[in-house]
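What follows is one structure encoded as structure tokens, with my remarks underneath.
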Amino acid sequence: MTSIGGAEMVDWNLAVATATRLVRPGPEISRDEARAVVAELRRRAKTSERHVREFTRMMPPGVTPADTPVLVVDRAGWVKANVAGFRELLAPLLGKMQDRRAGTPGAAVLGAVGGKVTGVELGMLLSFLASRVLGQYETFAPASRDLPGSAGGGRLLLVAPNIVHVERELEVDPHDFRLWVCLHEETHRTQFTAVPWLREHIEGEIQTFLGATEVDPMTVLERLREAAQSFAGARPDAERGDEGRSLVELVQTPEQREVLARLTAVMSLLEGHADFVMDGVGPEVVPSVAEIREKFQQRRASGAGRLDAALRKLLGLDAKLRQYRDGERFVRAVVGQVGMDGFNRVWTSPNTLPTKAEIASPADWVARIHRKGGEQGEEARGEA
């Protein structure tokens, strides 16, 4: 527990309580129907495992992947899992802030009040997201009695009420839609179980990002002020393109922006790969995949209204939508040029991951990795 004067800097329990209280209720469904949905999602997840592994060829023959559980959860369960993940990831940063403020007059009071405020704010954010996420491969949170995970971390979450809500909203075949969602999420599970170094690499990048965070409150406030002014159009010296960036991006240091560029590239790869696999497997096992894809893409693009669109923009969620599109385009182009096995060289090491520029120009990645003397290509990225 990271605390100042006995008070947590983030009241994690309050975050869970706030999100659980504010999150929208799920769709109306009988107890028997709910049980049937949960049972089917578990079956679909198991079925999709075989389809994804055969299609991607990421798992070497004879290799048994780490056993990661599939958890079918409600919105409150998703909140608890993500709070546990945040708590794990943010512990080093909060420790840094604790050291900075230790001994400051009134630190105990500030810590107590600040922890409550931050807990409420985090809870409000999670309440917004909890009704929108269909599934997630949760990578970092430690296993617990309520939320079991694998020894090395990792569990697949399927948010049952959200899946039911969307399949009803789109008016698509529910059985096809559940398998379609599971194919996407199972691809993420395969990515992390077949590539042992991936979790540690991403966590390292996140910790580098957090380690570069400004911990001086006045510096943070000044960055927030500049960010707010750039959004309002009040900064005459605002950098060109600021209006296209989220609040999260605008309060970053230059070092953090470099890390974010690398994280954006790898997340685009992971999301785009999952979409590519989902569409590649879909036609053979999901009869109505074309209808589902068309309606789901329209839903992604439109959002749920002006407030939803504004919040997505502010929080940087629009960037995630671009990750699906740009990443899928990258994967499709590379597989088209060098085949699936040639594409799978992307999983060799951190040096073979695409850069943000290569996501936009797949031919550059192919030239770097597949040119004569592939090891030279790997080294080139490390020197870039």
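Labels for the structure tokens follow display order: chains A, B, ..., residues from 1 in each chain, ligands from 1.
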Subject >> Close residues, Ser131 (chain A) itself excluded, 9 Å, only C-alpha atoms, min 5 positions apart in chain, as a PyMOL selection string >> reply: chain A and resi 23-26+75+126+159+161-162
Kindly save the residues from that selection, with N, CA and C atoms included, as an mmCIF file, in the first residue's frame.
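Generated output (again.cif):
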data_model
loop_
_atom_site.group_PDB
_atom_site.id
_atom_site.type_symbol
_atom_site.label_atom_id
_atom_site.label_comp_id
_atom_site.auth_asym_id
_atom_site.auth_seq_id
_atom_site.Cartn_x
_atom_site.Cartn_y
_atom_site.Cartn_z
ATOM 1 N N VAL A 23 -21.911 3.056 -12.654
ATOM 2 C CA VAL A 23 -21.987 2.362 -13.936
ATOM 3 C C VAL A 23 -23.440 2.084 -14.306
ATOM 4 N N ARG A 24 -23.721 2.178 -15.592
ATOM 5 C CA ARG A 24 -25.078 1.947 -16.061
ATOM 6 C C ARG A 24 -25.500 0.502 -15.834
ATOM 7 N N PRO A 25 -26.778 0.290 -15.578
ATOM 8 C CA PRO A 25 -27.235 -1.096 -15.436
ATOM 9 C C PRO A 25 -27.144 -1.826 -16.766
ATOM 10 N N GLY A 26 -26.946 -3.103 -16.711
ATOM 11 C CA GLY A 26 -26.859 -3.894 -17.933
ATOM 12 C C GLY A 26 -28.239 -4.144 -18.521
ATOM 13 N N ARG A 75 -20.060 -6.001 -15.180
ATOM 14 C CA ARG A 75 -19.354 -4.723 -15.242
ATOM 15 C C ARG A 75 -18.569 -4.451 -13.969
ATOM 16 N N LEU A 126 -13.769 4.772 -14.815
ATOM 17 C CA LEU A 126 -14.032 3.352 -15.018
ATOM 18 C C LEU A 126 -15.516 3.072 -15.223
ATOM 19 N N VAL A 159 -16.939 -9.581 -20.870
ATOM 20 C CA VAL A 159 -17.926 -8.811 -20.100
ATOM 21 C C VAL A 159 -19.313 -9.140 -20.654
ATOM 22 N N PRO A 161 -22.637 -8.724 -19.861
ATOM 23 C CA PRO A 161 -23.739 -7.787 -20.144
ATOM 24 C C PRO A 161 -23.471 -6.870 -21.325
ATOM 25 N N ASN A 162 -22.216 -6.502 -21.541
ATOM 26 C CA ASN A 162 -21.893 -5.625 -22.672
ATOM 27 C C ASN A 162 -22.024 -6.356 -23.992
#
Original post:
If you count only C-alpha atoms, which residues fall within 8 Å of region 184-200 of chain A, apart from same-chain ones fewer than 6 positions away, as a PyMOL selection string?
Top reply: chain A and resi 45+48-49+52-53+58-59+65-66+68+135-137+139+155-156+270-271+273-275+277-278+347+349-350
Same residues, N, CA and C atoms, output as a PDB file, in the first residue's frame:
ATOM      1  N   ALA A  45     -15.159 -19.350 -26.134  1.00  0.00           N
ATOM      2  CA  ALA A  45     -13.756 -19.016 -25.878  1.00  0.00           C
ATOM      3  C   ALA A  45     -12.871 -20.235 -26.103  1.00  0.00           C
ATOM      4  N   SER A  48     -12.678 -20.908 -29.885  1.00  0.00           N
ATOM      5  CA  SER A  48     -11.874 -19.924 -30.604  1.00  0.00           C
ATOM      6  C   SER A  48     -10.383 -20.147 -30.390  1.00  0.00           C
ATOM      7  N   GLU A  49     -10.020 -20.756 -29.289  1.00  0.00           N
ATOM      8  CA  GLU A  49      -8.607 -21.027 -29.003  1.00  0.00           C
ATOM      9  C   GLU A  49      -7.980 -21.859 -30.115  1.00  0.00           C
ATOM     10  N   VAL A  52      -7.860 -19.845 -33.553  1.00  0.00           N
ATOM     11  CA  VAL A  52      -6.842 -18.782 -33.579  1.00  0.00           C
ATOM     12  C   VAL A  52      -5.449 -19.372 -33.715  1.00  0.00           C
ATOM     13  N   ARG A  53      -5.155 -20.435 -32.996  1.00  0.00           N
ATOM     14  CA  ARG A  53      -3.813 -21.018 -33.039  1.00  0.00           C
ATOM     15  C   ARG A  53      -3.521 -21.641 -34.396  1.00  0.00           C
ATOM     16  N   MET A  58       1.275 -19.155 -34.426  1.00  0.00           N
ATOM     17  CA  MET A  58       2.209 -18.526 -33.493  1.00  0.00           C
ATOM     18  C   MET A  58       2.773 -19.509 -32.477  1.00  0.00           C
ATOM     19  N   MET A  59       1.990 -20.535 -32.152  1.00  0.00           N
ATOM     20  CA  MET A  59       2.402 -21.488 -31.137  1.00  0.00           C
ATOM     21  C   MET A  59       3.216 -22.612 -31.777  1.00  0.00           C
ATOM     22  N   PRO A  65       1.046 -23.894 -24.115  1.00  0.00           N
ATOM     23  CA  PRO A  65       1.081 -22.517 -23.617  1.00  0.00           C
ATOM     24  C   PRO A  65       0.727 -22.447 -22.141  1.00  0.00           C
ATOM     25  N   ALA A  66       1.077 -21.333 -21.522  1.00  0.00           N
ATOM     26  CA  ALA A  66       0.709 -21.121 -20.124  1.00  0.00           C
ATOM     27  C   ALA A  66      -0.811 -21.130 -19.995  1.00  0.00           C
ATOM     28  N   THR A  68      -3.984 -19.777 -18.919  1.00  0.00           N
ATOM     29  CA  THR A  68      -4.561 -18.525 -18.446  1.00  0.00           C
ATOM     30  C   THR A  68      -6.075 -18.676 -18.397  1.00  0.00           C
ATOM     31  N   GLY A 135     -14.487  -7.262 -24.136  1.00  0.00           N
ATOM     32  CA  GLY A 135     -13.549  -8.250 -23.622  1.00  0.00           C
ATOM     33  C   GLY A 135     -12.189  -7.624 -23.462  1.00  0.00           C
ATOM     34  N   GLN A 136     -11.333  -8.292 -22.736  1.00  0.00           N
ATOM     35  CA  GLN A 136     -10.000  -7.736 -22.465  1.00  0.00           C
ATOM     36  C   GLN A 136      -9.084  -8.850 -21.994  1.00  0.00           C
ATOM     37  N   TYR A 137      -7.867  -8.868 -22.531  1.00  0.00           N
ATOM     38  CA  TYR A 137      -6.844  -9.733 -21.945  1.00  0.00           C
ATOM     39  C   TYR A 137      -6.144  -8.904 -20.883  1.00  0.00           C
ATOM     40  N   THR A 139      -3.519  -8.166 -18.251  1.00  0.00           N
ATOM     41  CA  THR A 139      -2.148  -8.677 -18.240  1.00  0.00           C
ATOM     42  C   THR A 139      -1.430  -8.529 -16.913  1.00  0.00           C
ATOM     43  N   ARG A 155      -5.160 -13.023 -17.659  1.00  0.00           N
ATOM     44  CA  ARG A 155      -6.463 -13.688 -17.660  1.00  0.00           C
ATOM     45  C   ARG A 155      -7.318 -13.013 -18.718  1.00  0.00           C
ATOM     46  N   LEU A 156      -8.197 -13.772 -19.306  1.00  0.00           N
ATOM     47  CA  LEU A 156      -9.077 -13.256 -20.344  1.00  0.00           C
ATOM     48  C   LEU A 156     -10.424 -12.921 -19.720  1.00  0.00           C
ATOM     49  N   LEU A 270      -0.957  -5.187 -31.941  1.00  0.00           N
ATOM     50  CA  LEU A 270      -1.753  -6.182 -31.227  1.00  0.00           C
ATOM     51  C   LEU A 270      -3.230  -6.081 -31.594  1.00  0.00           C
ATOM     52  N   GLU A 271      -3.761  -4.860 -31.633  1.00  0.00           N
ATOM     53  CA  GLU A 271      -5.176  -4.693 -31.953  1.00  0.00           C
ATOM     54  C   GLU A 271      -5.451  -5.016 -33.418  1.00  0.00           C
ATOM     55  N   HIS A 273      -3.707  -6.975 -35.375  1.00  0.00           N
ATOM     56  CA  HIS A 273      -3.549  -8.417 -35.564  1.00  0.00           C
ATOM     57  C   HIS A 273      -4.809  -9.152 -35.123  1.00  0.00           C
ATOM     58  N   ALA A 274      -5.390  -8.727 -33.994  1.00  0.00           N
ATOM     59  CA  ALA A 274      -6.606  -9.378 -33.510  1.00  0.00           C
ATOM     60  C   ALA A 274      -7.756  -9.179 -34.493  1.00  0.00           C
ATOM     61  N   ASP A 275      -7.885  -7.981 -35.050  1.00  0.00           N
ATOM     62  CA  ASP A 275      -8.936  -7.748 -36.041  1.00  0.00           C
ATOM     63  C   ASP A 275      -8.697  -8.569 -37.307  1.00  0.00           C
ATOM     64  N   VAL A 277      -7.073 -11.442 -37.578  1.00  0.00           N
ATOM     65  CA  VAL A 277      -7.351 -12.853 -37.290  1.00  0.00           C
ATOM     66  C   VAL A 277      -8.858 -13.080 -37.208  1.00  0.00           C
ATOM     67  N   MET A 278      -9.543 -12.179 -36.530  1.00  0.00           N
ATOM     68  CA  MET A 278     -10.990 -12.303 -36.380  1.00  0.00           C
ATOM     69  C   MET A 278     -11.672 -12.361 -37.741  1.00  0.00           C
ATOM     70  N   TRP A 347       7.257 -11.282 -33.947  1.00  0.00           N
ATOM     71  CA  TRP A 347       7.236 -11.716 -32.553  1.00  0.00           C
ATOM     72  C   TRP A 347       8.598 -12.213 -32.082  1.00  0.00           C
ATOM     73  N   SER A 349      11.503 -10.614 -31.242  1.00  0.00           N
ATOM     74  CA  SER A 349      12.098  -9.860 -30.129  1.00  0.00           C
ATOM     75  C   SER A 349      11.564  -8.435 -30.178  1.00  0.00           C
ATOM     76  N   PRO A 350      11.813  -7.635 -29.148  1.00  0.00           N
ATOM     77  CA  PRO A 350      11.389  -6.223 -29.212  1.00  0.00           C
ATOM     78  C   PRO A 350      11.955  -5.492 -30.419  1.00  0.00           C
TER      79      PRO A 350
END
Subject >> Shortest interatomic distance to Thr208 (chain A) - which of A:Ala160, A:Val366, A:Ile292, A:Leu89, counting only C-alpha atoms >> reply: A:Leu89
**OP:** Just the residues within 9 Å of Asn82 (chain A), please, counting only C-alpha atoms, with nothing from its chain fewer than 4 positions along; format it as an MDAnalysis selection string.
**Re:** chainID A and resid 77:78 86:87 126 138 141
Can you write out as CSV which residues of region 130-209 of chain A fall within 10 Å of region 28-40 of chain A, alongside each residue's closest atom pair and its distance in Å to one decimal, counting only C-alpha atoms and ordering rows by chain and ascending residue number?
residue,atom,partner,partner_atom,distance
A:Leu158,CA,A:Val38,CA,9.1
A:Val159,CA,A:Val38,CA,9.5
A:Ala160,CA,A:Val38,CA,6.8
A:Pro161,CA,A:Ala34,CA,8.6
A:Ile163,CA,A:Val37,CA,9.4
A:Val164,CA,A:Val37,CA,8.2
A:His165,CA,A:Glu28,CA,9.1
A:Pro174,CA,A:Val37,CA,9.5
A:His175,CA,A:Glu40,CA,8.2
A:Arg178,CA,A:Glu40,CA,8.1
A:Leu179,CA,A:Glu40,CA,9.0
For the selection just defined, write its residues with C-alpha atoms to a file, as a PDB file, in the first residue's frame.
ATOM      1  CA  LEU A 158     -15.395 -11.420 -21.264  1.00  0.00           C
ATOM      2  CA  VAL A 159     -17.926  -8.811 -20.100  1.00  0.00           C
ATOM      3  CA  ALA A 160     -21.213 -10.648 -20.562  1.00  0.00           C
ATOM      4  CA  PRO A 161     -23.739  -7.787 -20.144  1.00  0.00           C
ATOM      5  CA  ILE A 163     -21.763  -8.416 -25.234  1.00  0.00           C
ATOM      6  CA  VAL A 164     -25.509  -9.001 -24.832  1.00  0.00           C
ATOM      7  CA  HIS A 165     -26.182  -5.271 -25.059  1.00  0.00           C
ATOM      8  CA  PRO A 174     -26.147 -13.638 -30.842  1.00  0.00           C
ATOM      9  CA  HIS A 175     -24.344 -16.973 -31.199  1.00  0.00           C
ATOM     10  CA  ARG A 178     -20.292 -14.185 -29.226  1.00  0.00           C
ATOM     11  CA  LEU A 179     -17.907 -16.371 -31.193  1.00  0.00           C
TER      12      LEU A 179
END
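We find CA of Leu183 (chain A) and CA of Leu147 (chain A) to be spaced 21.9 Å apart.
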**OP:** Identify which of the residues A:Ala212, A:Gly115, A:Val266, A:Thr253 lies closest to Asp11 (chain A), counting only C-alpha atoms when measuring atom-to-atom distances.
**Re:** A:Gly115
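Comparing A:Gly123, A:Pro283, A:Pro69, A:Pro142 by their smallest distance to Thr20 (chain A), the closest is A:Gly123 (using only C-alpha atoms).
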**OP:** Fewer than 4 positions away in the same chain doesn't count, so skip those; otherwise give me all residues within 9 Å of Ala333 (chain A), counting only C-alpha atoms, as a VMD selection string.
**Re:** chain A and resid 328 to 329 337 to 338 362 to 363
